[in-house]
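Here is the file model.pdb (PDB, C-alpha atoms and all ligand atoms).
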```
MODEL        1
ATOM      1  CA  MET A 148     139.966 193.481  92.857  1.00  0.00           C
ATOM      2  CA  ALA A 149     138.099 190.209  92.334  1.00  0.00           C
ATOM      3  CA  LYS A 150     141.367 188.480  91.525  1.00  0.00           C
ATOM      4  CA  LYS A 151     142.947 189.701  94.741  1.00  0.00           C
ATOM      5  CA  LYS A 152     139.982 188.416  96.712  1.00  0.00           C
ATOM      6  CA  ASN A 153     140.242 185.006  94.998  1.00  0.00           C
ATOM      7  CA  ASN A 154     143.931 184.820  95.843  1.00  0.00           C
ATOM      8  CA  MET A 155     143.164 185.624  99.463  1.00  0.00           C
ATOM      9  CA  ILE A 156     140.534 182.846  99.601  1.00  0.00           C
ATOM     10  CA  LEU A 157     143.005 180.419  98.024  1.00  0.00           C
ATOM     11  CA  VAL A 158     145.640 181.258 100.651  1.00  0.00           C
ATOM     12  CA  ILE A 159     143.118 180.743 103.472  1.00  0.00           C
ATOM     13  CA  VAL A 160     142.024 177.392 101.981  1.00  0.00           C
ATOM     14  CA  LEU A 161     145.654 176.257 101.699  1.00  0.00           C
ATOM     15  CA  ILE A 162     146.350 177.226 105.317  1.00  0.00           C
ATOM     16  CA  VAL A 163     143.276 175.299 106.514  1.00  0.00           C
ATOM     17  CA  VAL A 164     144.256 172.222 104.454  1.00  0.00           C
ATOM     18  CA  ALA A 165     147.810 172.389 105.842  1.00  0.00           C
ATOM     19  CA  LEU A 166     146.498 172.611 109.420  1.00  0.00           C
ATOM     20  CA  VAL A 167     144.179 169.623 108.887  1.00  0.00           C
ATOM     21  CA  LEU A 168     146.976 167.540 107.364  1.00  0.00           C
ATOM     22  CA  PHE A 169     149.342 168.450 110.200  1.00  0.00           C
ATOM     23  CA  SER A 170     146.817 167.656 112.913  1.00  0.00           C
ATOM     24  CA  GLN A 171     146.131 164.217 111.392  1.00  0.00           C
ATOM     25  CA  LYS A 172     149.775 163.303 111.064  1.00  0.00           C
ATOM     26  CA  LYS A 173     150.466 160.297 113.265  1.00  0.00           C
ATOM     27  CA  MET A 174     153.501 160.059 115.479  1.00  0.00           C
ATOM     28  CA  ALA A 175     156.531 158.954 113.492  1.00  0.00           C
ATOM     29  CA  GLY A 176     157.164 155.236 113.606  1.00  0.00           C
ATOM     30  CA  TYR A 177     153.781 154.318 115.070  1.00  0.00           C
ATOM     31  CA  GLY A 178     151.009 152.345 113.400  1.00  0.00           C
ATOM     32  CA  ASP A 179     153.033 151.044 110.451  1.00  0.00           C
ATOM     33  CA  LEU A 180     153.757 147.411 109.675  1.00  0.00           C
ATOM     34  CA  GLU A 181     157.486 146.709 109.439  1.00  0.00           C
ATOM     35  CA  TYR A 182     159.531 143.584 108.703  1.00  0.00           C
ATOM     36  CA  PHE A 183     162.942 142.518 109.897  1.00  0.00           C
ATOM     37  CA  ASP A 184     165.384 142.438 106.976  1.00  0.00           C
ATOM     38  CA  GLY A 185     168.257 140.857 108.890  1.00  0.00           C
ATOM     39  CA  GLY A 186     169.741 144.119 110.139  1.00  0.00           C
ATOM     40  CA  THR A 187     166.886 146.463 110.922  1.00  0.00           C
ATOM     41  CA  TYR A 188     163.129 146.926 110.563  1.00  0.00           C
ATOM     42  CA  THR A 189     161.785 148.341 107.280  1.00  0.00           C
ATOM     43  CA  TYR A 190     158.263 149.208 106.113  1.00  0.00           C
ATOM     44  CA  ALA A 191     156.389 146.214 104.689  1.00  0.00           C
ATOM     45  CA  PHE A 192     155.038 146.134 101.136  1.00  0.00           C
ATOM     46  CA  GLU A 193     151.562 145.346  99.921  1.00  0.00           C
ATOM     47  CA  ALA A 194     151.705 141.768  98.703  1.00  0.00           C
ATOM     48  CA  TRP A 195     150.856 140.514  95.233  1.00  0.00           C
ATOM     49  CA  ASP A 196     147.082 140.166  95.048  1.00  0.00           C
ATOM     50  CA  TYR A 197     146.565 136.409  95.282  1.00  0.00           C
ATOM     51  CA  PRO A 198     143.021 135.732  93.985  1.00  0.00           C
ATOM     52  CA  ALA A 199     142.271 133.213  96.777  1.00  0.00           C
ATOM     53  CA  TRP A 200     142.730 135.965  99.430  1.00  0.00           C
ATOM     54  CA  ALA A 201     139.926 138.087  97.961  1.00  0.00           C
ATOM     55  CA  GLY A 202     137.334 138.921 100.595  1.00  0.00           C
ATOM     56  CA  ILE A 203     139.423 137.584 103.505  1.00  0.00           C
ATOM     57  CA  GLY A 204     139.983 140.320 106.098  1.00  0.00           C
ATOM     58  CA  THR A 205     139.383 144.067 105.898  1.00  0.00           C
ATOM     59  CA  GLU A 206     142.928 145.271 105.190  1.00  0.00           C
ATOM     60  CA  PRO A 207     145.450 144.703 102.387  1.00  0.00           C
ATOM     61  CA  TRP A 208     147.844 141.767 102.684  1.00  0.00           C
ATOM     62  CA  TYR A 209     151.493 142.599 103.275  1.00  0.00           C
ATOM     63  CA  TRP A 210     154.882 140.992 102.795  1.00  0.00           C
ATOM     64  CA  ARG A 211     158.516 142.075 102.647  1.00  0.00           C
ATOM     65  CA  ALA A 212     158.271 142.372  98.846  1.00  0.00           C
ATOM     66  CA  ASP A 213     155.387 142.282  96.411  1.00  0.00           C
ATOM     67  CA  ASN A 214     155.980 138.570  95.991  1.00  0.00           C
ATOM     68  CA  ILE A 215     158.272 135.785  97.172  1.00  0.00           C
ATOM     69  CA  THR A 216     161.039 134.037  95.276  1.00  0.00           C
ATOM     70  CA  GLN A 217     160.890 130.642  93.582  1.00  0.00           C
ATOM     71  CA  ASP A 218     163.135 129.257  96.345  1.00  0.00           C
ATOM     72  CA  GLU A 219     160.820 130.653  99.065  1.00  0.00           C
ATOM     73  CA  ALA A 220     157.819 128.973  97.397  1.00  0.00           C
ATOM     74  CA  GLU A 221     159.459 125.565  97.161  1.00  0.00           C
ATOM     75  CA  ASN A 222     161.453 125.566 100.390  1.00  0.00           C
ATOM     76  CA  GLY A 223     159.386 127.894 102.605  1.00  0.00           C
ATOM     77  CA  VAL A 224     160.459 131.040 104.448  1.00  0.00           C
ATOM     78  CA  SER A 225     159.792 132.740 107.803  1.00  0.00           C
ATOM     79  CA  VAL A 226     159.639 136.528 108.228  1.00  0.00           C
ATOM     80  CA  ALA A 227     159.326 138.601 111.415  1.00  0.00           C
ATOM     81  CA  PHE A 228     156.989 141.614 111.330  1.00  0.00           C
ATOM     82  CA  ARG A 229     156.162 144.182 113.976  1.00  0.00           C
ATOM     83  CA  ARG A 230     153.797 147.084 114.549  1.00  0.00           C
ATOM     84  CA  THR A 231     154.259 149.658 117.297  1.00  0.00           C
ATOM     85  CA  ASP A 232     151.475 151.833 118.710  1.00  0.00           C
ATOM     86  CA  TYR A 233     151.384 154.388 121.473  1.00  0.00           C
ATOM     87  CA  ILE A 234     148.814 154.790 124.245  1.00  0.00           C
ATOM     88  CA  PRO A 235     149.211 158.130 126.073  1.00  0.00           C
ATOM     89  CA  THR A 236     150.414 157.856 129.644  1.00  0.00           C
ATOM     90  CA  THR A 237     147.403 159.993 130.586  1.00  0.00           C
ATOM     91  CA  ALA A 238     144.983 157.267 129.426  1.00  0.00           C
ATOM     92  CA  THR A 239     142.537 156.281 132.142  1.00  0.00           C
ATOM     93  CA  TYR A 240     141.105 153.400 130.102  1.00  0.00           C
ATOM     94  CA  PHE A 241     142.210 151.522 126.982  1.00  0.00           C
ATOM     95  CA  HIS A 242     141.221 148.541 124.880  1.00  0.00           C
ATOM     96  CA  GLY A 243     142.309 146.834 121.677  1.00  0.00           C
ATOM     97  CA  THR A 244     141.492 144.053 119.246  1.00  0.00           C
ATOM     98  CA  LEU A 245     143.530 142.347 116.558  1.00  0.00           C
ATOM     99  CA  ASP A 246     142.050 140.642 113.488  1.00  0.00           C
ATOM    100  CA  ILE A 247     144.708 138.576 111.772  1.00  0.00           C
ATOM    101  CA  THR A 248     145.426 135.801 109.333  1.00  0.00           C
ATOM    102  CA  ALA A 249     148.437 134.802 107.257  1.00  0.00           C
ATOM    103  CA  ASP A 250     149.453 132.613 104.355  1.00  0.00           C
ATOM    104  CA  ASP A 251     150.417 130.091 105.602  1.00  0.00           C
ATOM    105  CA  GLU A 252     150.962 130.388 109.373  1.00  0.00           C
ATOM    106  CA  TYR A 253     151.564 133.009 112.082  1.00  0.00           C
ATOM    107  CA  TYR A 254     152.556 133.339 115.728  1.00  0.00           C
ATOM    108  CA  ALA A 255     151.380 136.607 117.321  1.00  0.00           C
ATOM    109  CA  TYR A 256     152.878 138.320 120.385  1.00  0.00           C
ATOM    110  CA  LEU A 257     151.913 141.550 122.146  1.00  0.00           C
ATOM    111  CA  ASN A 258     154.525 143.053 124.460  1.00  0.00           C
ATOM    112  CA  ASN A 259     156.359 139.714 124.459  1.00  0.00           C
ATOM    113  CA  VAL A 260     153.258 137.704 125.468  1.00  0.00           C
ATOM    114  CA  HIS A 261     152.072 135.013 123.048  1.00  0.00           C
ATOM    115  CA  ILE A 262     148.477 135.801 122.113  1.00  0.00           C
ATOM    116  CA  GLY A 263     147.705 133.486 119.213  1.00  0.00           C
ATOM    117  CA  HIS A 264     148.691 131.097 116.430  1.00  0.00           C
ATOM    118  CA  ASP A 265     146.925 129.755 113.351  1.00  0.00           C
ATOM    119  CA  ASP A 266     147.827 127.995 110.121  1.00  0.00           C
ATOM    120  CA  SER A 267     144.715 128.467 107.945  1.00  0.00           C
ATOM    121  CA  TYR A 268     144.995 131.480 105.643  1.00  0.00           C
ATOM    122  CA  ASP A 269     141.249 131.503 104.907  1.00  0.00           C
ATOM    123  CA  THR A 270     140.133 132.094 108.516  1.00  0.00           C
ATOM    124  CA  VAL A 271     140.497 135.458 110.284  1.00  0.00           C
ATOM    125  CA  GLU A 272     141.158 135.199 114.027  1.00  0.00           C
ATOM    126  CA  THR A 273     140.194 137.946 116.490  1.00  0.00           C
ATOM    127  CA  TYR A 274     142.130 138.535 119.722  1.00  0.00           C
ATOM    128  CA  GLU A 275     141.349 140.869 122.614  1.00  0.00           C
ATOM    129  CA  LEU A 276     144.495 142.826 123.426  1.00  0.00           C
ATOM    130  CA  ARG A 277     143.472 144.738 126.533  1.00  0.00           C
ATOM    131  CA  SER A 278     144.844 142.349 129.136  1.00  0.00           C
ATOM    132  CA  HIS A 279     148.344 142.570 127.616  1.00  0.00           C
ATOM    133  CA  MET A 280     148.270 146.292 126.741  1.00  0.00           C
ATOM    134  CA  LYS A 281     149.868 149.101 128.721  1.00  0.00           C
ATOM    135  CA  VAL A 282     150.201 152.862 128.513  1.00  0.00           C
ATOM    136  CA  GLY A 283     153.203 153.998 126.490  1.00  0.00           C
ATOM    137  CA  GLN A 284     154.592 151.865 123.686  1.00  0.00           C
ATOM    138  CA  ASN A 285     152.822 148.637 122.686  1.00  0.00           C
ATOM    139  CA  MET A 286     154.510 146.286 120.246  1.00  0.00           C
ATOM    140  CA  LEU A 287     152.843 143.570 118.206  1.00  0.00           C
ATOM    141  CA  GLN A 288     155.277 141.007 116.824  1.00  0.00           C
ATOM    142  CA  LEU A 289     154.203 138.568 114.150  1.00  0.00           C
ATOM    143  CA  LEU A 290     156.275 135.634 112.985  1.00  0.00           C
ATOM    144  CA  VAL A 291     154.893 134.485 109.625  1.00  0.00           C
ATOM    145  CA  LYS A 292     155.847 131.332 107.793  1.00  0.00           C
ATOM    146  CA  ASN A 293     155.232 130.413 104.169  1.00  0.00           C
ATOM    147  CA  ALA A 294     154.884 126.636 103.870  1.00  0.00           C
ATOM    148  CA  ALA A 295     157.400 124.670 101.793  1.00  0.00           C
ATOM    149  CA  ILE A 296     155.592 123.133  98.818  1.00  0.00           C
ATOM    150  CA  PRO A 297     157.922 121.325  96.392  1.00  0.00           C
ATOM    151  CA  GLY A 298     157.002 122.050  92.777  1.00  0.00           C
ATOM    152  CA  SER A 299     155.072 125.224  93.663  1.00  0.00           C
ATOM    153  CA  THR A 300     155.715 128.749  92.336  1.00  0.00           C
ATOM    154  CA  PRO A 301     155.326 132.241  93.898  1.00  0.00           C
ATOM    155  CA  GLU A 302     151.947 132.428  92.140  1.00  0.00           C
ATOM    156  CA  THR A 303     150.641 129.069  93.424  1.00  0.00           C
ATOM    157  CA  ASN A 304     152.157 129.318  96.948  1.00  0.00           C
ATOM    158  CA  PRO A 305     152.410 133.048  97.806  1.00  0.00           C
ATOM    159  CA  ALA A 306     152.981 134.529 101.266  1.00  0.00           C
ATOM    160  CA  GLY A 307     151.100 137.318 102.989  1.00  0.00           C
ATOM    161  CA  LEU A 308     149.979 138.762 106.306  1.00  0.00           C
ATOM    162  CA  MET A 309     146.619 140.489 106.896  1.00  0.00           C
ATOM    163  CA  LEU A 310     146.056 142.358 110.136  1.00  0.00           C
ATOM    164  CA  ALA A 311     143.564 144.965 111.322  1.00  0.00           C
ATOM    165  CA  VAL A 312     144.431 146.583 114.652  1.00  0.00           C
ATOM    166  CA  ASP A 313     141.933 148.637 116.614  1.00  0.00           C
ATOM    167  CA  TYR A 314     143.303 150.463 119.637  1.00  0.00           C
ATOM    168  CA  GLY A 315     141.157 152.866 121.618  1.00  0.00           C
ATOM    169  CA  TYR A 316     141.692 154.870 124.776  1.00  0.00           C
ATOM    170  CA  SER A 317     140.162 157.520 126.954  1.00  0.00           C
ATOM    171  CA  THR A 318     142.002 160.217 128.852  1.00  0.00           C
ATOM    172  CA  LEU A 319     138.842 161.329 130.636  1.00  0.00           C
ATOM    173  CA  GLN A 320     138.573 161.177 134.394  1.00  0.00           C
ATOM    174  CA  PHE A 321     135.392 159.494 135.517  1.00  0.00           C
ATOM    175  CA  PRO A 322     133.119 161.805 137.510  1.00  0.00           C
ATOM    176  CA  GLU A 323     132.898 161.432 141.242  1.00  0.00           C
ATOM    177  CA  TYR A 324     129.896 159.438 142.318  1.00  0.00           C
ATOM    178  CA  THR A 325     127.881 161.986 144.284  1.00  0.00           C
ATOM    179  CA  ASN A 326     124.491 161.472 145.900  1.00  0.00           C
ATOM    180  CA  GLY A 327     123.706 158.698 143.444  1.00  0.00           C
ATOM    181  CA  THR A 328     123.000 161.218 140.689  1.00  0.00           C
ATOM    182  CA  ILE A 329     125.916 160.588 138.347  1.00  0.00           C
ATOM    183  CA  SER A 330     125.332 157.606 136.070  1.00  0.00           C
ATOM    184  CA  PHE A 331     127.069 156.296 132.977  1.00  0.00           C
ATOM    185  CA  ASP A 332     124.214 157.697 130.862  1.00  0.00           C
ATOM    186  CA  THR A 333     124.830 161.130 132.365  1.00  0.00           C
ATOM    187  CA  PHE A 334     128.516 160.814 131.587  1.00  0.00           C
ATOM    188  CA  ILE A 335     127.730 160.203 127.902  1.00  0.00           C
ATOM    189  CA  ALA A 336     124.893 162.739 127.769  1.00  0.00           C
ATOM    190  CA  GLU A 337     127.235 165.457 128.983  1.00  0.00           C
ATOM    191  CA  GLY A 338     129.277 165.029 125.833  1.00  0.00           C
ATOM    192  CA  ASN A 339     132.048 162.775 127.051  1.00  0.00           C
ATOM    193  CA  SER A 340     133.147 160.115 124.598  1.00  0.00           C
ATOM    194  CA  TRP A 341     135.936 157.710 123.840  1.00  0.00           C
ATOM    195  CA  VAL A 342     138.937 158.693 121.775  1.00  0.00           C
ATOM    196  CA  SER A 343     139.699 156.025 119.215  1.00  0.00           C
TER     197      SER A 343
HETATM  198 CA    CA A 401     143.776 132.088 109.987  1.00  0.00          CA
HETATM  199 CA    CA A 402     151.659 130.059 100.919  1.00  0.00          CA
ENDMDL
END
```
Produce structure tokens that represent the structure in this file.
Amino acid sequence: MAKKKNNMILVIVLIVVALVLFSQKKMAGYGDLEYFDGGTYTYAFEAWDYPAWAGIGTEPWYWRADNITQDEAENGVSVAFRRTDYIPTTATYFHGTLDITADDEYYAYLNNVHIGHDDSYDTVETYELRSHMKVGQNMLQLLVKNAAIPGSTPETNPAGLMLAVDYGYSTLQFPEYTNGTISFDTFIAEGNSWVS
């Protein structure tokens, strides 16, 4: 009898875990960093852990392989990356920020608008995305260049891209302003909050 009960509990736990996993599953193709391999876009790899990158940025560094080739260290290489995210068409408000840096240089675009460029791997730049965002699909495109350093190796002149993207949106309708009694504090106090 006890065994039967335990089995029942196990089944319930498994169903709950499955429901949680399913509900957290993101929409296919959104939120991942991809690189252009010459024919199509493919998921990027975590880059070899270059000691000098330690502590720079809040996310892992990525590249199209775990490290570059000897030729790419000595003669340089440019790689195109992209990340696609989706803001529901029902969003009444949205915002976004991008923290980014790259070894050695990047050009960043959001929805085909140039938003930033930098060539110091040890500084993280922050960009507000809101003014170039839209409901529906938003695409970040990053062109990253490893500098050509004659005599270098993949270990002394590696390549990597670090980015942390924070998109948030609300699908809530703001309350009607009636008799001067509805305030922003009331809006929050009534349990409304942002979806992030
Ligand atoms: Ca930088
Ligand atoms: Ca480099």
Answer key for the PyMOL selection byres (((not hetatm)) within 12 of (chain A and resi 401)), residues as a PyMOL selection string: chain A and resi 200+203-204+246-255+263-274+291+307-310
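With distances taken over all atoms listed in the file, A:Ile262 is the one residue among A:Ala220, A:Ala194, A:Ala295, A:Ile262 lying closest to Leu245 in chain A.
Distance check against His261 in chain A using all atoms listed in the file: of A:Thr303, A:Phe192, A:Met286, A:Val226, the minimum falls on A:Met286.
Between CA of Asp313 in chain A and atom CA of ligand CA 402 (chain A) the separation is 26.2 Å.
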Output check: residues returned by the PyMOL selection byres (((not hetatm)) within 7 of (chain A and resi 402)), as a PyMOL selection string: chain A and resi 250-251+293-294+304-306
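The gap separating CA of Asp213 in chain A from CA of Asn285 in chain A is 27.2 Å, in Å to one decimal.
For the set A:Ser317, A:Thr244, A:Asn154, A:Thr189, the residue with the smallest atom-to-atom gap to Leu287 in chain A is A:Thr244, counting all atoms listed in the file.
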Pick from A:Tyr182, A:Trp210, A:Tyr256, A:Phe241 nearest to Asp196 in chain A, counting only C-alpha atoms: A:Trp210
Selection dump of the PyMOL selection byres (((chain A and resi 232) around 12) and not hetatm), as number ranges by chain: A: 173-180, 229-231, 233-235, 243, 257-258, 280-288, 312-316
How would the residues just chosen look if you wrote them out with C-alpha atoms as a tab-separated table (two decimals), in the frame of the given file?
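The result, written out as selection_3.tsv:
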```
chain	number	residue	atom	x	y	z
A	173	LYS	CA	150.47	160.30	113.26
A	174	MET	CA	153.50	160.06	115.48
A	175	ALA	CA	156.53	158.95	113.49
A	176	GLY	CA	157.16	155.24	113.61
A	177	TYR	CA	153.78	154.32	115.07
A	178	GLY	CA	151.01	152.34	113.40
A	179	ASP	CA	153.03	151.04	110.45
A	180	LEU	CA	153.76	147.41	109.68
A	229	ARG	CA	156.16	144.18	113.98
A	230	ARG	CA	153.80	147.08	114.55
A	231	THR	CA	154.26	149.66	117.30
A	233	TYR	CA	151.38	154.39	121.47
A	234	ILE	CA	148.81	154.79	124.24
A	235	PRO	CA	149.21	158.13	126.07
A	243	GLY	CA	142.31	146.83	121.68
A	257	LEU	CA	151.91	141.55	122.15
A	258	ASN	CA	154.52	143.05	124.46
A	280	MET	CA	148.27	146.29	126.74
A	281	LYS	CA	149.87	149.10	128.72
A	282	VAL	CA	150.20	152.86	128.51
A	283	GLY	CA	153.20	154.00	126.49
A	284	GLN	CA	154.59	151.86	123.69
A	285	ASN	CA	152.82	148.64	122.69
A	286	MET	CA	154.51	146.29	120.25
A	287	LEU	CA	152.84	143.57	118.21
A	288	GLN	CA	155.28	141.01	116.82
A	312	VAL	CA	144.43	146.58	114.65
A	313	ASP	CA	141.93	148.64	116.61
A	314	TYR	CA	143.30	150.46	119.64
A	315	GLY	CA	141.16	152.87	121.62
A	316	TYR	CA	141.69	154.87	124.78
```
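The closest residue to Asp218 in chain A, picked from A:Leu319, A:Ile296, A:Ala311, A:Leu289 and counting only C-alpha atoms, is A:Ile296.
The nearest approach to Ala191 in chain A among the residues A:Leu157, A:Glu221, A:Phe228, A:Gly298, with all atoms listed in the file taken into account, belongs to A:Phe228.
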